[in-house]
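Here's the structure, in structure tokens; my notes come after.
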Amino acid sequence: MSKDLVVILTALNLEYQAVRKKLAGPHVHRHERGTRFEVGTVQGTSCRVALGLTNKGNHSAAVIAERAIQEFSPAAVLFVGVAGALWDTAKLGDVVMATHVYAYHGGTSEDDGLKARPRVWEAAHGISQLGSHLARVNDWADETSGRRRAPQVRFGAIAAGEVVQNSKISAEARWIRQHYNDALAIEMEAAGVAQAGHLNGAPVAIIRGISDRADGTKSSEKDRNWQPRAAANAAAFATRLAVELVREQEQFAMSQADTPHTADSPKAHVSNTAHNSTVGIMAGSVKESSVYVGTDPKVTGPADLVAELDSFGEHLKRHHAEGAPDDDTYREALAELGFARRAVRENTPESSKRATMALKRLRGLIAEFPELVARLAPLVVAAGDLS
């Protein structure tokens, strides 16, 4: 993980430019598949930002977010831009930070009507706590001279769909009020970014400036006036959040380096040193972990790794049979495991990289299950060693 770098993604050029104005010395970083990012530092700080443009829609946002996470291994991913307000709670120009994101277009059509099948992703606890702190401190906004009201930060659900919502009386609007009436804002990309973060174990924050009310006034003169202001406010809060995230990471790293650990230390601490198959462990205490002593992964080539992946698949199957992970997560985990297995069989430097990425995504899916994570860890290392 890059402790000093945060990825910021936007869907529109207007939003991109609002963030870019906050960066010093941006330079182009080109992904091998052609996606262009700009990497710079937030002005006056050491916080690095990789800025990218996803274009509209959850699908595009998910792909670019996945690509950015794999490319930069960031401390966090922030999705920044404008949105429409669904309630009067958030005023024009205010910033909404998502506590959770709804993918509201999931459903099933039955004889008696359309039934909702929502998916929801909660924001990472640490990011939510930091965002709330910055809102209380309330010194993040740019100079607002000439404006009657300083922007406020609101916290609540954001609904993400596949259409531009611009009505309060349409069937779509009624559907959202019926099933997602706690959502403060609505847009078209947050669900894709949240899913990419979930699959990769990357913390995600969705930050939106309110530019309209999704009530038929989009593309009006009022909307055109508010959109750049809302984008600027979202960019100001997001870059301040990025700086504080990096600062916390640096402070935590320094505290870990400076804090002595003894056998009587109340804090659990484990240091591992691995050279090929030799692992040394110094531990004050180990909790909720599996430690294997005197055994090696026994991976000396692709065939051995395939066998180990098959064995891991059996453990995953047993866990699922006992009720965890859930069906959706289990299917996604099996897909990543299968992708890694096929890549290992190809036995090329490029396939080794693909296998490692698939196993890291798998690790994100099973992060809540320490035993599975412990079993997977040496396989991730082994996949990288095959290159």
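Ordered as shown in the structure tokens, chains take letters A, B, and onward, while each chain numbers its residues from 1 and ligands are numbered from 1 in the order shown.
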Need the shell around His198 (chain A): protein/DNA/RNA residues with any atom at most 12 Å away, counting only C-alpha atoms. Skip same-chain ones fewer than 5 positions apart. Format as an mmCIF file with C-alpha atoms, in the first residue's frame?
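As written to disk, out25.cif reads:
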```cif
data_model
loop_
_atom_site.group_PDB
_atom_site.id
_atom_site.type_symbol
_atom_site.label_atom_id
_atom_site.label_comp_id
_atom_site.auth_asym_id
_atom_site.auth_seq_id
_atom_site.Cartn_x
_atom_site.Cartn_y
_atom_site.Cartn_z
ATOM 1 C CA ALA A 62 -15.788 0.395 -11.619
ATOM 2 C CA ALA A 65 -11.316 2.353 -10.112
ATOM 3 C CA GLU A 66 -10.141 -1.255 -10.276
ATOM 4 C CA ILE A 69 -6.212 0.448 -7.254
ATOM 5 C CA ALA A 76 -7.746 5.214 -0.187
ATOM 6 C CA VAL A 77 -9.904 5.956 -3.232
ATOM 7 C CA VAL A 101 -24.083 3.734 -1.313
ATOM 8 C CA VAL A 120 -25.403 -1.482 -0.563
ATOM 9 C CA TRP A 121 -21.830 -0.690 0.447
ATOM 10 C CA GLU A 122 -20.977 1.089 3.682
ATOM 11 C CA ALA A 123 -18.151 3.604 3.827
ATOM 12 C CA ALA A 124 -14.997 2.529 5.648
ATOM 13 C CA ALA A 191 -21.856 2.019 -6.838
ATOM 14 C CA GLY A 192 -19.191 1.033 -9.355
ATOM 15 C CA VAL A 193 -16.383 2.618 -7.342
ATOM 16 C CA PRO A 203 -11.133 2.099 1.526
ATOM 17 C CA VAL A 204 -13.501 4.254 -0.568
ATOM 18 C CA ALA A 205 -15.093 7.636 0.113
ATOM 19 C CA THR A 329 -19.298 -13.197 -2.066
ATOM 20 C CA GLU A 332 -17.123 -13.795 -6.652
ATOM 21 C CA LYS A 360 -5.312 -9.995 -3.897
ATOM 22 C CA ARG A 361 -8.880 -9.341 -5.018
ATOM 23 C CA LEU A 362 -9.840 -12.668 -3.443
ATOM 24 C CA ARG A 363 -8.125 -11.571 -0.235
ATOM 25 C CA GLY A 364 -10.311 -8.456 -0.200
ATOM 26 C CA LEU A 365 -13.443 -10.588 -0.547
ATOM 27 C CA ILE A 366 -12.555 -12.835 2.412
ATOM 28 C CA ALA A 367 -11.041 -10.124 4.625
ATOM 29 C CA GLU A 368 -13.616 -10.841 7.355
#
```
Test item, alpha helix (DSSP H) assignment across region 3-220 of chain A, answer as a ChimeraX atom specification: /A:13-20,58-72,125-137,171-179,190-200
Distance of CA of Ala185 (chain A) from CA of Trp87 (chain A), expressed in Å to one decimal place: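 If I compute the distance from CA of Trp87 (chain A) to CA of Ala185 (chain A), I get 7.6 Å.
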Among listed residues A:Leu134, A:Asp385, A:Val7, A:Glu314, nearest Lys353 (chain A) (using only C-alpha atoms):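 Comparing A:Leu134, A:Asp385, A:Val7, A:Glu314 against Lys353 (chain A), the winner is A:Asp385.
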Nearest to Glu371 (chain A) by atom-to-atom distance, counting only C-alpha atoms, from A:Arg174, A:His100, A:Arg149, A:His315: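 Closest to Glu371 (chain A), using only C-alpha atoms: A:His315.
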For Lys22 (chain A): contacts at 9 Å, only C-alpha atoms, fewer than 5 positions along chain excluded, given as a list in words: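 Contacts, with the query itself left out: Gln17, Thr41, Val42, Gln43, Ala235, Ala236 and Thr239 of chain A.
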Distance in Å - CA of Ser352 (chain A) versus CA of Leu316 (chain A):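 Separation between CA of Ser352 (chain A) and CA of Leu316 (chain A): 22.1 Å.
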